[in-house]
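With compact mmCIF, C-alpha atoms and all ligand atoms inside, this is model_15.txt:
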```txt
# COMPACT_ATOMS: atom_id res chain seq x y z
CA MET A 209 271.94 -20.91 222.71
CA GLU A 210 272.67 -17.23 222.42
CA SER A 211 270.52 -15.50 219.85
CA PRO A 212 272.38 -13.87 216.97
CA MET A 213 271.10 -10.52 218.24
CA HIS A 214 273.60 -10.76 221.09
CA ILE A 215 276.64 -11.51 219.01
CA HIS A 216 278.69 -8.38 218.61
CA GLU A 217 281.05 -8.64 215.73
CA ASP A 218 284.14 -6.50 215.87
CA PRO A 219 283.69 -4.21 212.86
CA SER A 220 287.47 -3.75 212.60
CA ILE A 221 287.79 -7.42 211.59
CA ILE A 222 286.81 -8.22 208.02
CA ASN A 223 286.97 -11.85 206.87
CA GLY A 224 289.24 -12.65 209.81
CA LYS A 225 291.67 -9.81 209.04
CA THR A 226 292.22 -6.65 211.07
CA HIS A 227 291.50 -3.45 209.17
CA LEU A 228 294.54 -1.51 210.37
CA ARG A 229 293.05 1.97 209.94
CA CYS A 230 290.36 1.00 212.49
CA LEU A 231 293.02 0.97 215.22
CA SER A 232 294.13 4.03 217.13
CA LEU A 233 297.89 4.62 217.06
CA PHE A 234 298.05 3.20 220.59
CA GLU A 235 296.03 0.12 219.61
CA LEU A 236 298.31 -0.34 216.63
CA GLU A 237 301.31 -0.48 218.98
CA ASN A 238 299.62 -3.15 221.11
CA TRP A 239 298.55 -5.11 218.06
CA VAL A 240 302.08 -5.14 216.66
CA GLU A 241 303.33 -6.36 220.03
CA THR A 242 300.84 -9.25 220.10
CA LEU A 243 302.44 -10.40 216.85
CA GLY A 244 305.80 -10.58 218.63
CA GLU A 245 307.23 -7.46 217.01
CA PRO A 246 308.78 -4.50 218.85
CA ARG A 247 306.38 -1.61 219.49
CA TYR A 248 308.35 0.81 217.31
CA ARG A 249 307.28 -1.17 214.25
CA SER A 250 303.85 0.44 214.67
CA ARG A 251 305.38 3.84 213.83
CA GLN A 252 306.81 2.44 210.61
CA LEU A 253 303.46 0.85 209.86
CA ALA A 254 301.55 4.07 210.60
CA SER A 255 303.82 5.92 208.24
CA TRP A 256 303.00 3.43 205.47
CA LEU A 257 299.28 3.70 206.27
CA TYR A 258 298.93 7.47 206.51
CA GLU A 259 302.00 9.11 205.04
CA LYS A 260 303.26 6.93 202.22
CA LEU A 261 299.82 5.46 201.57
CA ALA A 262 301.01 2.00 200.63
CA GLY A 263 298.68 0.02 198.40
CA ASP A 264 300.27 -3.32 199.32
CA PHE A 265 302.27 -4.81 202.20
CA ALA A 266 305.02 -5.70 199.70
CA GLU A 267 305.83 -1.98 199.42
CA MET A 268 306.80 -1.79 203.11
CA THR A 269 310.44 -2.53 202.45
CA ASP A 270 311.72 -1.29 205.82
CA LEU A 271 309.73 -4.04 207.58
CA PRO A 272 311.22 -7.55 207.83
CA LEU A 273 309.95 -9.95 205.18
CA GLY A 274 308.48 -12.32 207.80
CA PHE A 275 306.47 -9.48 209.37
CA ARG A 276 305.20 -8.39 205.96
CA GLU A 277 303.98 -11.94 205.37
CA THR A 278 302.24 -11.99 208.75
CA LEU A 279 300.61 -8.67 207.88
CA ARG A 280 299.38 -10.05 204.57
CA ASP A 281 297.73 -12.97 206.39
CA ARG A 282 296.34 -11.03 209.33
CA ALA A 283 295.67 -7.48 208.23
CA LEU A 284 293.90 -5.31 205.66
CA LEU A 285 295.23 -2.02 204.37
CA SER A 286 291.95 -0.76 203.02
CA SER A 287 288.47 -2.16 202.70
CA PHE A 288 286.91 -0.57 199.68
CA ARG A 289 287.19 -0.03 195.95
CA GLN A 290 286.28 2.79 193.63
CA VAL A 291 283.14 2.21 191.59
CA SER A 292 283.09 5.43 189.62
CA ALA A 293 284.34 9.00 189.53
CA GLN A 294 283.02 12.10 187.83
CA THR A 295 284.98 15.26 187.17
CA SER A 296 283.31 18.62 186.71
CA LYS A 297 284.38 20.29 183.48
CA ILE A 298 283.53 23.64 185.05
CA ASP A 299 285.66 23.67 188.21
CA GLY A 300 287.49 20.34 188.48
CA THR A 301 285.38 19.09 191.42
CA LYS A 302 285.67 15.33 191.54
CA LYS A 303 283.08 13.05 192.97
CA TYR A 304 283.73 9.40 193.83
CA LEU A 305 281.50 6.45 194.52
CA PHE A 306 283.15 3.71 196.61
CA GLU A 307 281.95 0.22 197.34
CA LEU A 308 282.57 -1.07 200.86
CA HIS A 309 283.44 -4.68 201.67
CA ASP A 310 279.77 -5.52 202.34
CA GLY A 311 278.49 -4.11 199.04
CA ASN A 312 277.27 -0.81 200.49
CA CYS A 313 278.31 2.36 198.68
CA ILE A 314 279.39 5.78 199.88
CA GLU A 315 280.50 8.92 198.14
CA SER A 316 283.21 11.47 198.74
CA VAL A 317 283.95 14.73 196.95
CA LEU A 318 287.21 16.52 196.24
CA MET A 319 286.52 20.24 195.78
CA ARG A 320 288.98 22.85 194.56
CA HIS A 321 288.85 26.51 195.50
CA GLU A 322 291.80 28.31 193.95
CA ALA A 323 294.91 27.01 195.75
CA ARG A 324 292.99 25.10 198.41
CA ILE A 325 291.28 21.77 198.25
CA THR A 326 288.58 20.26 200.47
CA PHE A 327 287.97 16.57 201.02
CA CYS A 328 284.27 16.20 201.73
CA VAL A 329 283.85 12.84 203.43
CA SER A 330 280.94 10.63 204.47
CA SER A 331 280.47 9.27 207.97
CA GLN A 332 277.50 6.95 207.40
CA VAL A 333 275.98 4.87 204.60
CA GLY A 334 272.84 6.92 204.05
CA CYS A 335 271.53 9.05 206.89
CA PRO A 336 268.86 8.38 209.50
CA LEU A 337 267.83 12.05 209.48
CA ASP A 338 265.28 13.35 206.99
CA CYS A 339 266.29 16.91 206.14
CA ARG A 340 263.87 17.74 203.34
CA PHE A 341 266.36 19.45 201.04
CA CYS A 342 269.09 16.82 201.32
CA GLN A 343 269.57 14.13 198.71
CA THR A 344 271.09 11.61 201.12
CA SER A 345 267.80 11.39 203.01
CA LYS A 346 266.14 9.97 199.87
CA GLY A 347 267.82 6.59 200.33
CA ARG A 348 267.48 4.26 203.31
CA PHE A 349 269.98 4.53 206.17
CA ARG A 350 272.20 1.43 206.13
CA ARG A 351 274.90 1.72 208.78
CA ASN A 352 277.68 3.70 210.39
CA LEU A 353 281.12 3.70 208.83
CA THR A 354 284.01 2.40 210.90
CA ALA A 355 286.91 4.74 211.70
CA GLY A 356 288.94 2.67 209.24
CA GLU A 357 286.46 3.27 206.43
CA ILE A 358 286.43 7.01 207.12
CA LEU A 359 290.24 7.06 207.07
CA ASP A 360 290.22 4.93 203.90
CA GLU A 361 288.20 7.68 202.20
CA ILE A 362 290.60 10.36 203.36
CA CYS A 363 293.72 8.38 202.44
CA TRP A 364 292.25 7.65 199.03
CA LEU A 365 291.59 11.33 198.39
CA LYS A 366 295.04 12.24 199.67
CA LYS A 367 296.60 9.74 197.29
CA GLU A 368 294.44 11.00 194.42
CA ARG A 369 295.63 14.50 195.05
CA GLY A 370 299.22 13.31 195.21
CA GLU A 371 300.59 16.38 196.95
CA GLY A 372 300.33 15.57 200.64
CA MET A 373 298.06 17.66 202.86
CA GLU A 374 299.43 21.14 202.11
CA LYS A 375 296.46 23.49 201.72
CA ALA A 376 294.00 20.64 202.11
CA ASN A 377 291.01 20.66 204.46
CA ILE A 378 288.77 17.84 205.56
CA GLY A 379 285.04 18.36 206.00
CA PHE A 380 282.68 15.83 207.54
CA MET A 381 280.00 17.14 205.21
CA GLY A 382 279.32 14.16 203.01
CA MET A 383 276.67 11.52 203.62
CA GLY A 384 275.44 11.04 207.15
CA GLU A 385 275.27 12.80 210.49
CA PRO A 386 278.77 12.53 212.00
CA LEU A 387 277.56 12.95 215.59
CA LEU A 388 275.31 9.90 215.19
CA ASN A 389 278.49 7.93 214.48
CA TYR A 390 280.27 9.57 217.36
CA ARG A 391 282.84 6.96 218.32
CA SER A 392 284.19 6.25 214.85
CA VAL A 393 284.26 9.91 213.85
CA VAL A 394 286.13 10.91 217.01
CA ALA A 395 288.57 8.00 216.53
CA ALA A 396 289.20 9.08 212.92
CA ILE A 397 289.77 12.71 213.96
CA ARG A 398 292.26 11.60 216.62
CA VAL A 399 294.26 9.82 213.94
CA LEU A 400 294.05 12.90 211.67
CA ASN A 401 295.36 15.04 214.54
CA THR A 402 298.34 12.80 215.23
CA ALA A 403 299.25 10.26 212.53
CA PRO A 404 302.40 10.75 210.49
CA GLY A 405 301.48 12.47 207.26
CA PHE A 406 298.42 14.22 208.73
CA GLU A 407 299.03 15.95 212.07
CA LEU A 408 296.23 18.35 211.17
CA GLY A 409 295.17 21.23 213.41
CA SER A 410 291.65 22.48 214.09
CA LYS A 411 291.60 24.89 211.16
CA ARG A 412 291.97 21.99 208.79
CA ILE A 413 289.17 19.68 209.98
CA THR A 414 285.51 20.70 210.16
CA LEU A 415 282.73 18.57 211.50
CA SER A 416 279.33 19.67 210.23
CA THR A 417 276.33 18.67 212.30
CA SER A 418 272.57 19.06 212.06
CA GLY A 419 272.71 19.93 215.75
CA LEU A 420 272.57 17.31 218.50
CA PRO A 421 273.24 19.42 221.59
CA ARG A 422 274.45 16.77 224.04
CA ARG A 423 276.86 15.26 221.55
CA MET A 424 278.13 18.69 220.51
CA LYS A 425 279.00 19.31 224.15
CA ASN A 426 280.61 15.87 224.47
CA LEU A 427 282.67 16.62 221.40
CA ALA A 428 283.80 19.90 222.92
CA ASP A 429 284.99 17.97 225.98
CA GLU A 430 287.08 15.56 223.86
CA GLY A 431 289.68 18.27 223.30
CA LEU A 432 290.17 17.34 219.65
CA LYS A 433 291.68 19.67 217.11
CA CYS A 434 288.52 20.13 215.07
CA SER A 435 286.28 23.01 214.03
CA LEU A 436 282.52 22.79 214.31
CA ALA A 437 279.86 23.88 211.84
CA LEU A 438 276.18 23.83 212.76
CA SER A 439 273.63 23.42 209.98
CA LEU A 440 271.08 25.92 211.23
CA ASN A 441 269.09 26.32 208.01
CA ALA A 442 266.16 28.15 209.63
CA THR A 443 265.64 31.08 211.99
CA THR A 444 262.43 29.96 213.68
CA ASP A 445 261.73 26.67 215.41
CA ALA A 446 258.59 26.19 213.30
CA LYS A 447 260.50 26.46 210.00
CA ARG A 448 263.35 24.30 211.27
CA ARG A 449 260.82 21.64 212.28
CA GLU A 450 259.50 21.63 208.71
CA LEU A 451 262.91 21.50 207.03
CA MET A 452 264.74 19.24 209.49
CA PRO A 453 262.01 17.23 211.25
CA ALA A 454 264.30 14.59 212.75
CA VAL A 455 266.17 17.12 214.88
CA SER A 456 263.15 19.26 215.69
CA ARG A 457 262.95 18.13 219.31
CA TYR A 458 265.85 20.50 219.91
CA THR A 459 265.06 24.19 219.78
CA ILE A 460 267.28 26.67 217.99
CA ALA A 461 268.13 28.12 221.41
CA GLU A 462 269.40 24.72 222.59
CA VAL A 463 271.56 23.97 219.56
CA VAL A 464 272.97 27.48 219.48
CA ASP A 465 273.76 27.19 223.19
CA ALA A 466 275.66 23.93 222.52
CA ALA A 467 277.54 25.61 219.67
CA ARG A 468 278.50 28.43 222.01
CA TYR A 469 279.76 25.87 224.52
CA TYR A 470 281.90 24.32 221.77
CA ALA A 471 283.32 27.73 220.88
CA GLU A 472 284.22 28.47 224.51
CA LYS A 473 285.84 25.11 225.09
CA SER A 474 287.78 24.99 221.83
CA GLY A 475 288.62 28.69 221.62
CA ARG A 476 287.45 28.63 218.01
CA ARG A 477 284.52 30.35 216.40
CA VAL A 478 281.76 28.04 215.26
CA THR A 479 280.23 28.41 211.80
CA LEU A 480 276.49 28.52 211.22
CA GLU A 481 275.69 26.91 207.88
CA TYR A 482 272.57 28.14 206.16
CA VAL A 483 271.22 26.51 202.99
CA LEU A 484 269.16 29.15 201.19
CA LEU A 485 265.85 27.83 199.90
CA ARG A 486 263.77 30.29 197.91
CA GLY A 487 260.52 31.21 199.63
CA GLU A 488 261.28 28.97 202.63
CA ASN A 489 263.99 30.48 204.81
CA SER A 490 265.29 33.38 202.75
CA SER A 491 263.19 36.45 203.58
CA ALA A 492 264.63 39.77 204.77
CA GLU A 493 263.30 38.92 208.21
CA ASP A 494 265.16 35.60 208.13
CA ALA A 495 268.35 37.45 207.23
CA ARG A 496 267.97 39.79 210.19
CA ARG A 497 267.11 36.97 212.60
CA LEU A 498 270.06 34.94 211.36
CA GLY A 499 272.34 37.92 211.85
CA LYS A 500 271.13 38.39 215.41
CA ILE A 501 271.67 34.71 216.26
CA ALA A 502 275.19 34.91 214.81
CA ARG A 503 275.98 38.08 216.70
CA ARG A 504 274.93 36.64 220.05
CA GLY A 505 277.36 33.73 219.72
CA ALA A 506 280.08 35.48 217.70
CA PHE A 507 279.47 32.86 215.04
CA LYS A 508 280.71 32.93 211.48
CA ILE A 509 278.05 32.44 208.83
CA ASN A 510 278.40 30.27 205.77
CA LEU A 511 275.58 30.80 203.30
CA ILE A 512 275.04 27.81 201.03
CA PRO A 513 273.03 28.34 197.85
CA TYR A 514 270.71 25.36 197.47
CA ASN A 515 272.12 22.74 195.16
CA PRO A 516 269.03 21.46 193.33
CA ALA A 517 268.70 17.72 193.31
CA ARG A 518 267.04 16.03 190.39
CA GLU A 519 263.69 15.78 192.19
CA GLY A 520 264.32 18.17 195.04
CA GLY A 521 261.06 20.07 195.41
CA PHE A 522 262.98 23.20 196.43
CA GLU A 523 264.37 26.09 194.45
CA ALA A 524 267.60 28.02 194.69
CA GLN A 525 267.57 31.79 194.94
CA SER A 526 268.58 34.01 192.06
CA GLU A 527 271.90 35.86 192.38
CA GLY A 528 269.94 39.10 193.02
CA GLU A 529 267.94 37.49 195.83
CA LEU A 530 271.13 36.16 197.37
CA GLN A 531 272.70 39.62 197.27
CA ALA A 532 269.58 41.14 198.88
CA PHE A 533 269.74 38.54 201.67
CA ILE A 534 273.41 39.37 202.25
CA ARG A 535 272.65 43.11 202.38
CA GLU A 536 270.13 42.55 205.19
CA LEU A 537 272.49 40.26 207.05
CA LEU A 538 275.77 42.16 206.89
CA PRO A 539 274.99 44.90 209.41
CA TYR A 540 274.45 42.23 212.07
CA SER A 541 277.07 39.71 211.06
CA PRO A 542 280.02 40.86 209.00
CA THR A 543 281.82 37.48 209.19
CA LEU A 544 280.15 35.91 206.25
CA THR A 545 281.16 33.53 203.50
CA VAL A 546 279.15 32.16 200.61
CA ARG A 547 279.86 28.60 199.59
CA ARG A 548 279.72 28.66 195.84
CA SER A 549 278.20 25.52 194.49
CA LYS A 550 280.85 23.12 193.30
CA GLY A 551 280.63 20.83 190.32
CA PRO A 552 277.17 21.97 189.15
CA ASP A 553 277.47 19.84 186.00
CA ILE A 554 278.00 16.64 188.02
CA PHE A 555 275.39 17.34 190.73
CA ALA A 556 278.06 17.47 193.41
CA ALA A 557 275.66 17.71 196.36
CA CYS A 558 276.51 14.65 198.40
CA GLY A 559 274.07 11.81 198.22
CA GLN A 560 273.22 12.13 194.56
CA LEU A 561 275.66 9.56 193.18
CA TRP A 562 274.72 7.27 196.01
CA THR A 563 270.95 7.44 195.48
CA GLU A 564 271.50 6.84 191.78
CA SER A 565 273.63 3.81 192.61
CA LEU A 566 270.64 2.33 194.45
CA THR A 567 268.50 2.21 191.32
CA PRO A 568 268.53 -1.12 189.48
CA GLN A 569 269.98 0.28 186.24
CA LYS A 570 273.34 1.62 187.23
CA LYS A 571 274.45 4.42 185.01
CA PRO A 572 277.94 4.06 183.61
CA ALA A 573 280.49 6.43 185.12
CA GLU A 574 280.97 9.67 183.29
CA GLY A 575 284.28 11.42 183.05
CA THR A 576 287.31 9.68 184.47
N1 LIG B 601 274.53 15.86 208.63
C1 LIG B 601 275.52 16.88 208.65
C2 LIG B 601 276.55 16.79 207.53
C3 LIG B 601 276.08 16.45 206.15
S1 LIG B 601 275.22 17.72 205.26
C4 LIG B 601 274.85 18.25 208.67
O1 LIG B 601 273.62 18.30 208.61
O2 LIG B 601 275.54 19.26 208.80
C5 LIG B 601 276.44 18.96 204.98
C6 LIG B 601 275.88 20.34 204.65
O3 LIG B 601 275.25 20.31 203.36
C7 LIG B 601 274.83 20.79 205.64
O4 LIG B 601 275.05 22.13 206.01
C8 LIG B 601 273.54 20.69 204.84
O5 LIG B 601 272.59 21.59 205.34
C9 LIG B 601 274.01 20.98 203.43
N2 LIG B 601 273.14 20.49 202.37
C10 LIG B 601 272.43 19.34 202.32
N3 LIG B 601 271.75 19.23 201.16
C11 LIG B 601 272.05 20.33 200.44
C12 LIG B 601 271.66 20.81 199.14
N4 LIG B 601 270.85 20.11 198.35
N5 LIG B 601 272.16 21.99 198.73
C13 LIG B 601 273.02 22.69 199.50
N6 LIG B 601 273.42 22.29 200.71
C14 LIG B 601 272.95 21.13 201.19
```
Can the structure from this file be put into structure tokens for me?
Ligand code: SAH
Amino acid sequence: MESPMHIHEDPSIINGKTHLRCLSLFELENWVETLGEPRYRSRQLASWLYEKLAGDFAEMTDLPLGFRETLRDRALLSSFRQVSAQTSKIDGTKKYLFELHDGNCIESVLMRHEARITFCVSSQVGCPLDCRFCQTSKGRFRRNLTAGEILDEICWLKKERGEGMEKANIGFMGMGEPLLNYRSVVAAIRVLNTAPGFELGSKRITLSTSGLPRRMKNLADEGLKCSLALSLNATTDAKRRELMPAVSRYTIAEVVDAARYYAEKSGRRVTLEYVLLRGENSSAEDARRLGKIARRGAFKINLIPYNPAREGGFEAQSEGELQAFIRELLPYSPTLTVRRSKGPDIFAACGQLWTESLTPQKKPAEGT
């Protein structure tokens, strides 16, 4: 008898039903055909999935009744439910906790910056990395998300917003390391690049990685429309090893080289993300070294003030310290943005709702 270890379940099938957002647009065509329907039905279906965001097969009134019934028996539109949501009274940032079909939870954040909005999505339940400053690392890694679950998050946020994707960006900056869930993340981005209702270009999608050089290069070779951000977070290998031990087998030179490769291949500048931790990586010397690294690769820099977790063990800089860091950095690297912390009153750093949800006494949802 085969041991259960060898049984590979198809993660796109849940309780015998196909989770439609797990299929590429091409697979959707084939799947529709196996049900005896013409291939063009898949375009109608994709429009309901990604453009009109149907909540039920009954809404799909341009599909024949018999096909809708087959879909109800054989397919799933979405595989999760909202557990809670919190809205920041300060800036309208909204943070959601979702429960997946197997009881695992993930979180996503909807951030507003003036006219623009960013969907910050998770790619894994928990994270196998152990970046010291990151809240997600405080809970145990559970599993990768499927492409369908990632697209469920995005479709949910799109529906919540209710205005289509005008001035909306998607950031793989929630829970997890997207390049450790390579296949599903790439499949989801392909759908975002092409599905009706999305058709997003590279300016609109950003994948943020802790820096896995081989996979960054593979991603560059995929030819996706997607921008890359590298979480550098230190300017010496010794400090990076302390702050991000799980990725410390790669030197800064190696990850920066992979980022440069991505920039060359994609024709887009890569962003270096830098979480500022007082007394750790925020000296004047760090600023100068960071500027030199950025200059060598023509990188953009995104400074991220540390978002203090409840028991973080790190401190954020004062506004004056941040300004001093920027003054040192600017002569080397004028392409600089500062990510202002969003939703400070609801602890919007990803991972915090999730780790709270793991404690036995679940707190009731605040806000809406
Ligand atoms: N694993 C990926 C994506 C998730 S983290 C990555 O490492 O890039 C997304 C971004 O949030 C990263 O730049 C990370 O360094 C930053 N980050 C994590 N915890 C933070 C915190 N407490 N405050 C501010 N930024 C944080």
>> Show me which residues line ligand LIG 601 (chain B), defined as having an atom within 6 Å of a ligand atom where all atoms listed in the file count, and present them as a PyMOL selection string.
In response: chain A and resi 341-342+381-385+416-418+439+481+483+512-517+557
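Considering all atoms listed in the file, the residue among A:Ser410, A:Thr269, A:Ser330, A:Ser316 positioned nearest to A:Gln290 is A:Ser316.
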>> Just want the 12 Å neighbourhood of A:Arg247, counted on only C-alpha atoms, with same-chain residues fewer than 3 positions away dropped. Output as a VMD selection string.
In response: chain A and resid 233 to 244 250 to 254
> From the set A:Leu228, A:Leu511, A:Ala437, A:Ile358, which residue has the shortest atom-to-atom contact distance to A:Phe265, counting all atoms listed in the file?
Replying inline: A:Leu228
>> Env of A:Glu536: 8 Å cut, atoms = only C-alpha atoms, seq-sep filter 5 positions within chain, self excluded. Answer as a ChimeraX atom specification.
In response: /A:492,495-496
>> Rounded to one decimal, what separation in Å do you get between atom CA of A:Leu400 and atom CA of A:Ile413?
In response: 8.5 Å
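Nearest to A:Leu530 of all the residues A:Phe275, A:Tyr482, A:Phe380, A:Phe288 is A:Tyr482, counting only C-alpha atoms.
As for atom CA of A:Gly505 and atom CA of A:Leu480, they are spaced 10.0 Å apart.
You will find atom CA of A:Ser541 at 15.4 Å from atom CA of A:Val464.
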>> Using all atoms listed in the file, list the residues that have an atom at most 9 Å from (287.0, 21.1, 215.4), coordinates as in the file, as a VMD selection string.
In response: chain A and resid 397 409 to 415 427 to 428 431 to 437 470 474 476 478
Output file for the selection above: C-alpha atoms, as a PDB file, keeping the file's coordinate frame:
```
ATOM      1  CA  ILE A 397     289.770  12.710 213.960  1.00  0.00           C
ATOM      2  CA  GLY A 409     295.170  21.230 213.410  1.00  0.00           C
ATOM      3  CA  SER A 410     291.650  22.480 214.090  1.00  0.00           C
ATOM      4  CA  LYS A 411     291.600  24.890 211.160  1.00  0.00           C
ATOM      5  CA  ARG A 412     291.970  21.990 208.790  1.00  0.00           C
ATOM      6  CA  ILE A 413     289.170  19.680 209.980  1.00  0.00           C
ATOM      7  CA  THR A 414     285.510  20.700 210.160  1.00  0.00           C
ATOM      8  CA  LEU A 415     282.730  18.570 211.500  1.00  0.00           C
ATOM      9  CA  LEU A 427     282.670  16.620 221.400  1.00  0.00           C
ATOM     10  CA  ALA A 428     283.800  19.900 222.920  1.00  0.00           C
ATOM     11  CA  GLY A 431     289.680  18.270 223.300  1.00  0.00           C
ATOM     12  CA  LEU A 432     290.170  17.340 219.650  1.00  0.00           C
ATOM     13  CA  LYS A 433     291.680  19.670 217.110  1.00  0.00           C
ATOM     14  CA  CYS A 434     288.520  20.130 215.070  1.00  0.00           C
ATOM     15  CA  SER A 435     286.280  23.010 214.030  1.00  0.00           C
ATOM     16  CA  LEU A 436     282.520  22.790 214.310  1.00  0.00           C
ATOM     17  CA  ALA A 437     279.860  23.880 211.840  1.00  0.00           C
ATOM     18  CA  TYR A 470     281.900  24.320 221.770  1.00  0.00           C
ATOM     19  CA  SER A 474     287.780  24.990 221.830  1.00  0.00           C
ATOM     20  CA  ARG A 476     287.450  28.630 218.010  1.00  0.00           C
ATOM     21  CA  VAL A 478     281.760  28.040 215.260  1.00  0.00           C
TER      22      VAL A 478
END
```
